[in-house]
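Engineer: Hey, dropping query28.cif in here, mmCIF, C-alpha atoms:
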```
data_entry
loop_
_atom_site.label_atom_id
_atom_site.label_comp_id
_atom_site.auth_asym_id
_atom_site.auth_seq_id
_atom_site.Cartn_x
_atom_site.Cartn_y
_atom_site.Cartn_z
CA MET A 14 0.00 0.00 0.00
CA ALA A 15 2.75 2.47 1.01
CA ALA A 16 4.58 1.73 -2.23
CA GLU A 17 1.51 2.83 -4.17
CA TYR A 18 1.37 6.13 -2.28
CA TYR A 19 5.07 6.74 -2.95
CA LYS A 20 4.54 5.94 -6.61
CA VAL A 21 1.76 8.55 -6.90
CA LEU A 22 3.84 11.17 -5.07
CA GLU A 23 6.89 10.45 -7.24
CA GLU A 24 4.83 10.82 -10.43
CA LEU A 25 3.36 14.08 -9.15
CA ILE A 26 6.77 15.57 -8.38
CA ARG A 27 8.22 14.41 -11.70
CA ASP A 28 5.34 15.66 -13.87
CA SER A 29 4.62 18.97 -12.13
CA GLY A 30 8.10 20.09 -11.22
CA ALA A 31 7.26 20.18 -7.51
CA GLU A 32 10.01 20.05 -4.89
CA GLY A 33 8.26 17.61 -2.66
CA ALA A 34 4.93 16.10 -1.63
CA VAL A 35 3.46 14.65 1.51
CA LEU A 36 0.36 12.57 2.14
CA ILE A 37 -1.09 13.37 5.55
CA SER A 38 -3.75 11.63 7.59
CA VAL A 39 -6.58 13.76 9.01
CA ASP A 40 -5.02 13.53 12.46
CA GLY A 41 -1.87 15.22 11.15
CA LEU A 42 0.50 12.29 10.69
CA ALA A 43 2.52 11.76 7.52
CA ILE A 44 1.44 8.63 5.64
CA ALA A 45 4.03 8.97 2.89
CA SER A 46 6.36 11.82 2.01
CA ILE A 47 9.03 12.90 -0.41
CA LEU A 48 10.27 16.21 0.97
CA PRO A 49 13.46 18.23 0.65
CA ALA A 50 15.85 18.33 3.60
CA SER A 51 14.76 21.87 4.46
CA ALA A 52 11.26 20.67 5.37
CA ASP A 53 10.40 19.10 8.70
CA GLU A 54 8.05 16.26 7.73
CA ASP A 55 6.24 16.06 11.09
CA ARG A 56 5.72 19.80 11.40
CA VAL A 57 4.55 20.18 7.82
CA ALA A 58 2.11 17.30 8.28
CA ALA A 59 0.73 18.55 11.60
CA MET A 60 0.41 22.14 10.41
CA GLY A 61 -1.15 21.20 7.07
CA ALA A 62 -3.86 19.02 8.59
CA ALA A 63 -4.59 21.62 11.29
CA ILE A 64 -4.92 24.70 9.07
CA LEU A 65 -7.00 22.88 6.46
CA SER A 66 -9.30 21.56 9.16
CA LEU A 67 -9.68 25.00 10.77
CA GLY A 68 -10.26 26.59 7.37
CA GLU A 69 -12.96 24.03 6.64
CA ARG A 70 -14.55 24.79 10.00
CA VAL A 71 -14.65 28.51 9.19
CA THR A 72 -16.17 27.74 5.79
CA SER A 73 -18.81 25.39 7.16
CA GLU A 74 -19.74 27.78 9.99
CA LEU A 75 -20.46 30.40 7.38
CA ASP A 76 -22.47 27.79 5.49
CA LYS A 77 -20.21 27.99 2.46
CA GLY A 78 -19.70 24.30 1.77
CA ILE A 79 -16.30 22.68 1.55
CA LEU A 80 -12.90 24.31 1.37
CA GLU A 81 -11.27 22.98 -1.78
CA GLN A 82 -7.68 24.04 -1.53
CA LEU A 83 -5.42 26.15 0.60
CA TYR A 84 -2.04 27.48 -0.35
CA ILE A 85 0.64 29.52 1.33
CA LYS A 86 3.06 31.56 -0.70
CA GLY A 87 6.55 32.01 0.74
CA SER A 88 9.57 33.89 -0.57
CA THR A 89 11.08 30.61 -1.76
CA GLY A 90 7.96 28.92 -3.06
CA TYR A 91 4.48 27.58 -2.39
CA ILE A 92 2.98 24.92 -0.25
CA ILE A 93 -0.45 23.72 -1.40
CA PHE A 94 -2.75 21.65 0.82
CA THR A 95 -5.70 19.78 -0.72
CA GLY A 96 -8.16 17.58 1.11
CA ILE A 97 -8.73 14.03 -0.15
CA LYS A 98 -12.32 13.25 0.78
CA ASP A 99 -12.43 13.22 4.57
CA VAL A 100 -9.56 10.78 4.98
CA ALA A 101 -6.35 12.55 4.05
CA VAL A 102 -4.60 15.74 2.98
CA LEU A 103 -2.09 16.12 0.19
CA GLY A 104 0.62 18.72 0.66
CA VAL A 105 2.77 19.78 -2.28
CA LEU A 106 5.87 21.93 -2.02
CA ALA A 107 6.69 23.88 -5.17
CA PRO A 108 9.31 26.46 -6.06
CA SER A 109 8.28 30.06 -6.64
CA ASN A 110 8.90 29.74 -10.37
CA ALA A 111 6.62 26.69 -10.68
CA LYS A 112 3.89 26.82 -13.32
CA LEU A 113 0.84 27.00 -11.05
CA GLY A 114 -1.68 25.91 -13.71
CA LEU A 115 0.22 22.73 -14.48
CA LEU A 116 0.88 22.11 -10.80
CA LEU A 117 -2.80 22.37 -9.86
CA MET A 118 -3.79 20.07 -12.72
CA GLU A 119 -1.24 17.45 -11.67
CA ILE A 120 -2.42 17.73 -8.08
CA GLN A 121 -5.99 16.93 -9.17
CA ARG A 122 -4.76 13.92 -11.13
CA ALA A 123 -2.76 12.66 -8.15
CA ILE A 124 -5.77 13.14 -5.87
CA LYS A 125 -7.94 10.96 -8.10
CA LYS A 126 -5.33 8.20 -7.95
CA LEU A 127 -5.01 8.51 -4.19
CA GLU A 128 -8.79 8.45 -3.76
CA GLN A 129 -8.86 5.12 -5.58
CA ILE A 130 -6.09 3.68 -3.40
CA LEU A 131 -7.58 5.01 -0.16
CA GLY A 132 -11.01 3.69 -1.18
CA MET B 15 -4.00 59.24 18.24
CA GLY B 16 -3.14 56.03 20.05
CA LEU B 17 -1.97 52.75 18.52
CA LYS B 18 -5.37 51.10 18.69
CA GLU B 19 -7.08 54.02 16.99
CA THR B 20 -4.43 54.17 14.28
CA VAL B 21 -4.80 50.47 13.55
CA ALA B 22 -8.59 50.80 13.62
CA GLU B 23 -8.47 53.61 11.07
CA LEU B 24 -6.15 51.65 8.79
CA LEU B 25 -8.36 48.59 9.00
CA LYS B 26 -11.45 50.68 8.29
CA LYS B 27 -9.90 51.97 5.06
CA ALA B 28 -8.79 48.51 3.95
CA TYR B 29 -12.20 47.08 4.87
CA THR B 30 -13.98 49.49 2.54
CA ASP B 31 -11.37 49.19 -0.21
CA ALA B 32 -11.32 45.40 -0.34
CA LYS B 33 -15.07 45.03 0.29
CA VAL B 34 -14.55 42.14 2.66
CA ASN B 35 -16.80 40.82 5.39
CA TYR B 36 -14.05 40.59 7.95
CA ILE B 37 -10.66 42.15 8.44
CA GLY B 38 -8.50 41.77 11.50
CA LEU B 39 -5.00 42.38 12.73
CA PHE B 40 -3.52 39.33 14.41
CA ILE B 41 -0.45 39.28 16.63
CA LYS B 42 0.84 35.74 17.15
CA GLY B 43 -2.60 34.51 16.26
CA LYS B 44 -4.46 36.82 18.69
CA VAL B 45 -6.89 39.45 17.42
CA TYR B 46 -5.79 42.94 18.24
CA GLU B 47 -8.32 44.91 16.20
CA ARG B 48 -11.04 43.94 13.74
CA ARG B 49 -13.84 45.22 11.58
CA SER B 50 -16.59 42.92 10.39
CA THR B 51 -20.16 42.36 9.33
CA GLY B 52 -22.00 39.07 9.75
CA ILE B 53 -19.04 37.18 11.22
CA ASN B 54 -19.65 35.70 14.63
CA GLU B 55 -17.23 35.15 17.50
CA ARG B 56 -16.84 31.42 16.84
CA VAL B 57 -15.76 31.99 13.25
CA GLU B 58 -13.25 34.56 14.44
CA LYS B 59 -11.89 32.15 17.04
CA ASN B 60 -11.35 29.41 14.45
CA PHE B 61 -9.87 31.90 12.03
CA SER B 62 -7.40 33.17 14.63
CA LYS B 63 -6.41 29.58 15.47
CA MET B 64 -5.87 28.93 11.79
CA ILE B 65 -3.60 31.96 11.50
CA GLN B 66 -1.73 30.93 14.64
CA LYS B 67 -1.08 27.44 13.22
CA SER B 68 -0.09 28.79 9.83
CA LEU B 69 2.70 30.81 11.42
CA ASP B 70 4.44 27.48 12.06
CA ILE B 71 5.21 27.19 8.35
CA ASN B 72 8.30 29.34 8.87
CA ILE B 73 9.57 26.81 11.39
CA ALA B 74 8.46 23.74 9.43
CA ILE B 75 10.26 24.83 6.25
CA LYS B 76 13.56 26.64 6.59
CA ASN B 77 13.79 30.06 4.90
CA PHE B 78 10.17 29.79 3.72
CA LYS B 79 9.23 33.33 4.81
CA ALA B 80 5.46 33.11 4.36
CA GLU B 81 3.96 36.01 2.38
CA PHE B 82 0.28 35.15 2.18
CA LEU B 83 -2.26 32.36 2.51
CA PHE B 84 -5.19 31.96 0.19
CA ALA B 85 -8.07 29.50 0.21
CA GLU B 86 -11.43 29.35 -1.47
CA ASN B 87 -14.41 27.03 -1.31
CA LYS B 88 -15.60 24.70 -4.08
CA SER B 89 -18.49 26.97 -5.05
CA LYS B 90 -16.03 29.88 -5.45
CA ASN B 91 -18.19 32.19 -3.36
CA PHE B 92 -16.06 32.39 -0.26
CA SER B 93 -12.37 33.06 0.29
CA ILE B 94 -9.86 33.28 3.11
CA PHE B 95 -6.87 35.55 2.77
CA VAL B 96 -4.03 36.03 5.23
CA TYR B 97 -1.20 38.47 4.60
CA TYR B 98 1.90 38.02 6.78
CA ILE B 99 3.47 41.37 7.72
CA THR B 100 6.17 39.73 9.86
CA ASN B 101 6.63 36.22 11.23
CA ASP B 102 4.26 37.14 14.09
CA ILE B 103 1.91 39.76 12.70
CA ALA B 104 -0.70 39.07 10.03
CA ILE B 105 -3.76 40.61 8.43
CA GLY B 106 -6.67 38.22 8.11
CA MET B 107 -9.57 38.67 5.69
CA LEU B 108 -12.78 36.74 5.04
CA GLN B 109 -14.75 37.51 1.93
CA ILE B 110 -18.19 36.17 1.15
CA GLY B 111 -18.85 36.43 -2.56
CA LYS B 112 -16.78 35.97 -5.69
CA PRO B 113 -13.12 35.89 -4.60
CA ASN B 114 -10.98 38.75 -5.84
CA PHE B 115 -7.49 37.55 -5.03
CA SER B 116 -5.66 40.40 -6.74
CA LEU B 117 -7.66 43.10 -4.95
CA LEU B 118 -7.19 41.40 -1.59
CA LYS B 119 -3.45 41.16 -2.20
CA VAL B 120 -3.07 44.79 -3.27
CA VAL B 121 -5.14 46.15 -0.39
CA SER B 122 -3.40 44.02 2.21
CA SER B 123 0.09 44.82 0.89
CA ASP B 124 -0.74 48.55 1.20
CA LEU B 125 -2.06 47.99 4.70
CA ALA B 126 1.03 45.95 5.58
CA LYS B 127 3.24 48.87 4.54
CA SER B 128 1.36 51.11 6.95
CA ILE B 129 1.37 48.61 9.80
CA ALA B 130 4.95 47.34 9.43
CA PRO B 131 6.47 50.41 11.16
CA LEU B 132 4.18 49.71 14.12
CA SER B 133 5.23 46.07 14.48
CA LYS B 134 7.54 46.74 17.43
CA GLN B 135 4.79 48.51 19.32
CA LEU B 136 2.33 45.80 18.41
CA LEU B 137 4.60 43.08 19.81
CA GLU B 138 4.93 45.10 23.00
CA VAL B 139 1.17 45.35 23.18
CA TYR B 140 0.97 41.60 22.77
CA GLU B 141 3.37 41.12 25.67
CA THR B 142 1.54 43.56 27.89
CA GLU B 143 -2.09 43.21 26.85
CA LEU B 144 -2.84 40.13 24.76
CA LYS B 145 -0.45 37.66 26.40
CA GLY B 146 -1.42 38.92 29.85
CA LYS B 147 -5.08 38.69 28.88
CA GLU B 148 -4.55 35.15 27.67
CA GLU B 149 -2.77 34.17 30.90
CA SER B 150 -5.37 35.85 33.07
CA GLU B 151 -8.10 33.99 31.21
CA ASP B 152 -6.33 30.69 31.86
CA GLN B 153 -5.70 31.56 35.48
CA PHE B 154 -9.31 32.61 35.88
CA LEU B 155 -10.45 29.26 34.51
CA GLU B 156 -8.07 27.42 36.85
CA LYS B 157 -9.16 29.49 39.83
CA LEU B 158 -12.81 28.86 39.15
CA PRO B 159 -14.24 26.85 42.02
CA LYS B 160 -15.44 23.36 41.28
CA LYS B 161 -19.16 22.76 40.75
CA ASP B 162 -19.73 21.19 44.21
CA THR B 163 -18.12 24.03 46.10
CA VAL B 164 -20.10 26.55 44.07
CA ASN B 165 -23.37 24.81 44.93
CA LYS B 166 -22.45 24.56 48.61
CA ASN B 167 -21.58 28.22 48.75
CA GLN B 168 -24.78 29.13 46.94
CA ASN B 169 -26.79 27.07 49.42
CA LYS B 170 -25.04 28.79 52.29
CA VAL B 171 -25.87 32.17 50.90
CA VAL B 172 -29.51 31.19 50.45
CA GLU B 173 -29.69 29.81 53.98
CA GLU B 174 -28.14 32.92 55.44
CA SER B 175 -30.45 35.23 53.56
CA LEU B 176 -33.57 33.53 54.93
CA ASP B 177 -34.68 34.14 58.50
CA THR B 178 -35.89 31.22 60.59
CA SER B 179 -39.39 32.72 60.73
CA GLU B 180 -39.47 32.91 56.97
CA ILE B 181 -38.42 29.26 56.71
CA GLU B 182 -41.21 28.27 59.08
CA GLU B 183 -43.74 30.17 57.02
CA LEU B 184 -42.46 28.60 53.86
CA GLU B 185 -42.75 25.13 55.37
CA LYS B 186 -46.33 25.88 56.39
CA VAL B 187 -47.24 26.95 52.89
CA LEU B 188 -45.63 23.92 51.39
CA THR B 189 -47.44 21.51 53.70
CA GLN B 190 -50.83 23.15 53.32
CA ASP B 191 -51.67 21.41 50.07
CA VAL B 192 -50.50 18.04 51.26
CA LYS B 193 -53.39 16.02 52.64
CA ILE B 194 -51.24 13.38 54.31
CA ASP B 195 -50.73 14.71 57.78
CA THR B 196 -50.06 11.86 60.15
CA LYS B 197 -46.71 10.17 60.35
CA GLU B 198 -48.23 6.73 59.79
CA GLU B 199 -49.92 7.82 56.58
CA LYS B 200 -46.71 9.39 55.35
CA LYS B 201 -44.85 6.19 56.11
CA GLN B 202 -47.48 4.13 54.33
CA VAL B 203 -47.32 6.27 51.23
CA ALA B 204 -43.54 6.26 51.25
CA ASP B 205 -43.52 2.47 51.58
CA GLU B 206 -45.98 2.11 48.75
CA ILE B 207 -43.89 4.30 46.52
CA GLN B 208 -40.56 2.79 47.45
CA GLU B 209 -41.49 -0.88 47.65
CA PRO B 210 -41.18 -2.58 44.33
CA VAL B 211 -44.08 -4.81 43.43
CA GLU B 212 -42.83 -8.34 43.78
CA ILE B 213 -44.51 -10.99 41.73
CA LYS B 214 -43.53 -14.51 42.61
CA PRO B 215 -43.19 -16.89 39.70
CA ASP B 216 -45.71 -19.28 41.32
CA GLU B 217 -48.31 -16.53 41.41
CA ILE B 218 -48.09 -15.93 37.71
CA LYS B 219 -50.71 -18.20 36.23
CA ILE B 220 -50.02 -19.00 32.66
CA PRO B 221 -52.96 -20.88 31.20
CA ASP B 222 -52.19 -24.25 29.72
CA LEU B 223 -52.67 -24.68 25.98
CA MET B 224 -55.17 -27.47 26.51
CA GLU B 225 -57.17 -25.27 28.88
CA ILE B 226 -57.26 -22.54 26.27
CA LEU B 227 -58.39 -24.99 23.62
CA ASN B 228 -61.00 -26.50 25.91
CA SER B 229 -62.30 -23.11 26.91
CA ASP B 230 -62.52 -22.23 23.24
CA GLN B 231 -64.39 -25.42 22.59
CA THR B 232 -66.81 -24.79 25.41
CA ASN B 233 -67.26 -21.25 24.19
CA THR B 234 -67.99 -22.40 20.67
CA GLN B 235 -70.32 -25.04 22.02
CA GLN B 236 -72.08 -22.41 24.08
CA ASN B 237 -72.34 -20.21 21.05
CA GLU B 238 -73.73 -23.05 19.01
CA THR B 239 -76.29 -23.87 21.63
CA GLN B 240 -77.27 -20.21 21.86
CA LYS B 241 -77.60 -20.12 18.10
CA GLU B 242 -79.74 -23.16 18.11
CA LYS B 243 -81.86 -21.75 20.90
CA SER B 244 -82.34 -18.60 18.92
CA GLU B 245 -83.58 -20.69 16.04
CA GLU B 246 -86.14 -22.14 18.43
CA ILE B 247 -84.88 -25.58 17.82
CA SER B 248 -83.75 -26.82 21.14
CA ILE B 249 -81.63 -29.93 20.93
CA ASP B 250 -82.25 -30.69 24.58
CA LYS B 251 -85.97 -30.72 24.02
CA GLN B 252 -85.67 -32.81 20.92
CA PRO B 253 -85.71 -36.52 21.52
CA SER B 254 -82.47 -38.30 20.96
CA LEU B 255 -81.93 -40.06 17.69
CA GLU B 256 -82.11 -43.43 19.31
CA GLU B 257 -85.41 -42.53 20.88
CA ILE B 258 -86.71 -41.25 17.56
CA LEU B 259 -85.50 -44.32 15.80
CA LYS B 260 -86.87 -46.63 18.44
CA GLU B 261 -90.17 -44.86 18.49
CA ASP B 262 -90.24 -44.49 14.76
CA SER B 263 -89.11 -48.01 14.19
CA LYS B 264 -91.74 -49.29 16.61
CA GLN B 265 -94.40 -47.14 15.02
CA ASP B 266 -93.11 -47.73 11.53
CA ILE B 267 -92.74 -51.38 12.02
CA LYS B 268 -96.26 -51.45 13.39
CA ASN B 269 -97.69 -49.03 10.87
CA ILE B 270 -95.72 -49.82 7.75
CA GLU B 271 -96.90 -52.77 6.01
CA ILE B 272 -93.74 -54.27 4.62
CA PRO B 273 -94.48 -55.99 1.39
CA ILE B 274 -93.51 -59.63 1.48
CA SER B 275 -92.19 -59.49 -2.00
CA ALA B 276 -89.76 -56.69 -1.22
CA ASP B 277 -86.28 -57.79 -1.87
CA ILE B 278 -84.00 -57.20 1.12
CA LYS B 279 -80.94 -57.11 -1.02
CA GLU B 280 -82.43 -54.37 -3.19
CA ILE B 281 -83.32 -52.39 -0.09
CA CYS B 282 -79.78 -52.80 1.16
CA SER B 283 -78.23 -51.56 -2.10
CA ASN B 284 -80.59 -48.54 -2.06
CA VAL B 285 -79.70 -47.80 1.55
CA ARG B 286 -76.01 -47.99 0.63
CA LYS B 287 -76.47 -45.52 -2.25
CA LEU B 288 -78.46 -43.19 -0.05
CA TYR B 289 -75.94 -43.44 2.77
CA VAL B 290 -73.06 -42.56 0.41
CA LYS B 291 -75.16 -39.63 -0.80
CA TYR B 292 -75.47 -38.35 2.77
CA ILE B 293 -72.02 -39.21 4.12
CA GLY B 294 -69.88 -39.09 1.02
CA PRO B 295 -67.56 -41.78 -0.47
CA PHE B 296 -66.46 -42.65 3.04
CA GLY B 297 -70.00 -43.97 3.58
CA ASN B 298 -69.16 -47.25 1.77
CA PHE B 299 -66.33 -48.05 4.15
CA LEU B 300 -68.33 -47.01 7.19
CA LEU B 301 -71.37 -49.02 6.13
CA ASN B 302 -69.28 -52.18 5.61
CA LYS B 303 -67.68 -51.78 9.01
CA ARG B 304 -71.01 -51.23 10.78
CA LYS B 305 -72.55 -54.13 8.81
CA GLU B 306 -69.89 -56.55 10.02
CA GLU B 307 -70.29 -55.43 13.60
CA PHE B 308 -74.07 -55.44 13.56
CA PHE B 309 -74.88 -58.62 11.68
CA LYS B 310 -72.50 -60.74 13.77
CA ASN B 311 -75.12 -61.00 16.44
CA ASN B 312 -78.27 -60.09 14.48
CA PRO B 313 -80.19 -62.04 11.86
CA PHE B 314 -80.48 -60.67 8.36
CA ASN B 315 -84.14 -59.71 7.95
CA ARG B 316 -86.30 -56.66 7.38
CA GLU B 317 -86.54 -55.67 11.01
CA SER B 318 -82.81 -56.01 11.62
CA VAL B 319 -82.01 -54.05 8.45
CA LEU B 320 -84.28 -51.26 9.58
CA LYS B 321 -82.59 -51.28 12.96
CA PHE B 322 -79.25 -51.28 11.22
CA CYS B 323 -80.27 -48.18 9.23
CA SER B 324 -81.02 -46.34 12.46
CA ILE B 325 -77.54 -47.25 13.71
CA ILE B 326 -75.73 -46.04 10.62
CA ALA B 327 -77.84 -42.87 10.72
CA GLU B 328 -75.98 -41.99 13.94
CA ASP B 329 -72.88 -41.30 11.88
CA ILE B 330 -74.64 -38.45 10.05
CA PRO B 331 -73.60 -35.38 12.07
CA ASP B 332 -76.47 -33.01 11.20
CA THR B 333 -79.72 -33.93 12.96
CA LYS B 334 -81.95 -32.62 10.21
CA ARG B 335 -80.08 -34.61 7.59
CA LYS B 336 -80.22 -37.64 9.89
CA GLU B 337 -84.01 -37.36 10.06
CA SER B 338 -84.37 -36.91 6.34
CA PHE B 339 -82.11 -39.95 5.77
CA LEU B 340 -84.33 -42.06 7.99
CA LYS B 341 -87.46 -40.82 6.22
CA GLU B 342 -86.01 -41.80 2.86
CA VAL B 343 -84.95 -45.17 4.21
CA LYS B 344 -88.55 -45.83 5.34
CA GLU B 345 -89.62 -45.25 1.76
CA PHE B 346 -87.53 -48.20 0.66
CA PHE B 347 -89.45 -50.45 2.97
CA LYS B 348 -92.84 -49.48 1.62
#
```
Would you mind writing the file out in structure tokens?

Structural biologist:
Amino acid sequence: MAAEYYKVLEELIRDSGAEGAVLISVDGLAIASILPASADEDRVAAMGAAILSLGERVTSELDKGILEQLYIKGSTGYIIFTGIKDVAVLGVLAPSNAKLGLLLMEIQRAIKKLEQILG
Amino acid sequence: MGLKETVAELLKKAYTDAKVNYIGLFIKGKVYERRSTGINERVEKNFSKMIQKSLDINIAIKNFKAEFLFAENKSKNFSIFVYYITNDIAIGMLQIGKPNFSLLKVVSSDLAKSIAPLSKQLLEVYETELKGKEESEDQFLEKLPKKDTVNKNQNKVVEESLDTSEIEELEKVLTQDVKIDTKEEKKQVADEIQEPVEIKPDEIKIPDLMEILNSDQTNTQQNETQKEKSEEISIDKQPSLEEILKEDSKQDIKNIEIPISADIKEICSNVRKLYVKYIGPFGNFLLNKRKEEFFKNNPFNRESVLKFCSIIAEDIPDTKRKESFLKEVKEFFK
């Protein structure tokens, strides 16, 4: 199972030009990750799950449905968090010169694959 | 103009420029000043927590230096925008309606330029006001007496506030409506209420299946008898079949002049046919059985055959049909 997750993450990084990707459980633990040395896997996982969950809570309290995606822009790049159903979160680390359109499209493709694996 | 007023003015301008529903200045995830419409306290609390958590990104990823956070819902009619002025200070915006990312970014970057020079003061305020407020809130919660002690204290206060005379009066009023006055009665009532009703297994009488069936039978019999009574045909009053047959046979035998030429065998075959007509195909078997039993000890003649007919007539359940069978049988003997 873990090999399948790694395969999806590898394909995503290769095709989109991302620096790294992490699959996070809803409780904030990394299921599988391919991250650069500069990123703390545990912290990224915990923070990603937490802020997406809180963002979703804000959205639902305002009766605005589901929060689709959340991204943070830094001076060195982006980190994009996307929810996979209610079971996981996908975090993708991309450089600041990354083509966002292509990146978002590849993220959606990876999410579909992960949804199938996660069931 | 003080710091709070300055920040409030800046937020007011940004609020109108960006046309957002909520704008707030957050120091280490705590709201310092805000301006909003239609955003409740709970939403703000979750939003501030979200901003607080997002500040960790600078620790999670080295040299990340977060600039802004953006999120929108699937329907694209709600967006969250956070602009980081420093690692600790951020502007948070909530917009209900079509997201306008560019406008939010421009407005917040302008606001950030105005607030950035105040960052030192704002951090001081956090240390003196917000952090202290946070600690005092926690301490207040810790210092809160437990539920039991609160109730005890409340009871004490109530007791102290009432005079003994007042208590007596209150007791009088309360007991006025109660009709149970004597101690014995009170005890009785209390016992009745408290004592559970014990039912011993021996006392529980479960009727036997046979009893039920028998009772049903008796009931149906009773009903039948009532029915018959209503039809003014009382079975009790009617003579029994044997009596009828005996009487009839005596009378008939006396009255009916049996022709000498009458063939007994022919009579017998006619009786058989008639009997089968009344009883059904089973009549053949029944007639043979009765014949064997009867003619073991009786001679085969007209009188005995007539007697035999009255015996087999007993097997016809309906009395009226029984009578009509016997009448028809008599015809054979004529």

Engineer: Have a look at B:Leu340, B:Ala126, B:Leu17, B:Val96 and name the one nearest to Ile37 of chain B; count all atoms listed in the file.

Structural biologist: B:Val96

Engineer: Of the residues B:Tyr97, B:Phe346, B:Phe308, B:Phe78, which is the one nearest to chain A, using only C-alpha atoms?

Structural biologist: B:Phe78

Engineer: I need the output of the PyMOL selection byres ((chain A) within 6 of (chain B)) for this file as a PyMOL selection string; which residues are they?

Structural biologist: chain A and resi 51-53+56-57+64+67+71+79-89

Engineer: For segment 103-119 of chain A, find every residue with an atom within 9 Å (counting all atoms listed in the file), except residues of its own chain fewer than 2 positions away, and show them as a ChimeraX atom specification.

Structural biologist: /A:25-26,28-38,48-49,57-58,61,86-97,101,121-124

Engineer: Atom CA of Lys44 of chain B to atom CA of Ala59 of chain A: how many Å, to one decimal?

Structural biologist: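 Between these atoms lies a distance of 20.3 Å.
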
Engineer: Figure out the distance between atom CA of Phe322 of chain B and atom CA of Asn302 of chain B, please, to one decimal in Å.

Structural biologist: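 Computing the Euclidean distance for atom CA of Asn302 of chain B and atom CA of Phe322 of chain B yields 11.5 Å.
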
Engineer: Just the number, please: distance in Å from atom CA of Phe40 of chain B to atom CA of Phe115 of chain B, one decimal.

Structural biologist: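 Computing it gives 19.9 Å between the two atoms.
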
Engineer: Write out as a list in words each polymer residue whose atoms come within 7 Å of Ala15 of chain A, counting only C-alpha atoms; drop sequence neighbours fewer than 3 positions from it.

Structural biologist: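 Here the qualifying residues turn out to be Tyr18, Tyr19 and Ala45 of chain A.
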
Engineer: Using only C-alpha atoms, please write the residues we just selected to a file, as a JSON list (two decimals), in the coordinates of the input.

Structural biologist:
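Listed below is the output, again_22.json:
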```
[["chain", "number", "residue", "atom", "x", "y", "z"],
["A", 18, "TYR", "CA", 1.37, 6.13, -2.28],
["A", 19, "TYR", "CA", 5.07, 6.74, -2.95],
["A", 45, "ALA", "CA", 4.03, 8.97, 2.89]]
```

Engineer: Excluding Ala22 of chain B and any residue of its chain fewer than 4 positions from it, enumerate the residues within 7 Å of it, using all atoms listed in the file, and give them as a PyMOL selection string.

Structural biologist: chain B and resi 18+26+47

Engineer: Atoms to include: C-alpha atoms. Write the selected residues as a CSV table (one decimal), in the coordinates of the input.

Structural biologist:
```
chain,number,residue,atom,x,y,z
B,18,LYS,CA,-5.4,51.1,18.7
B,26,LYS,CA,-11.4,50.7,8.3
B,47,GLU,CA,-8.3,44.9,16.2
```

Engineer: With a distance cut-off of 12 Å and all atoms listed in the file, select the neighbouring residues of Leu300 of chain B, excluding the residue or stretch itself and same-chain residues fewer than 2 positions from it, and output the selection as a PyMOL selection string.

Structural biologist: chain B and resi 286+289-290+293-298+302-307+325-330
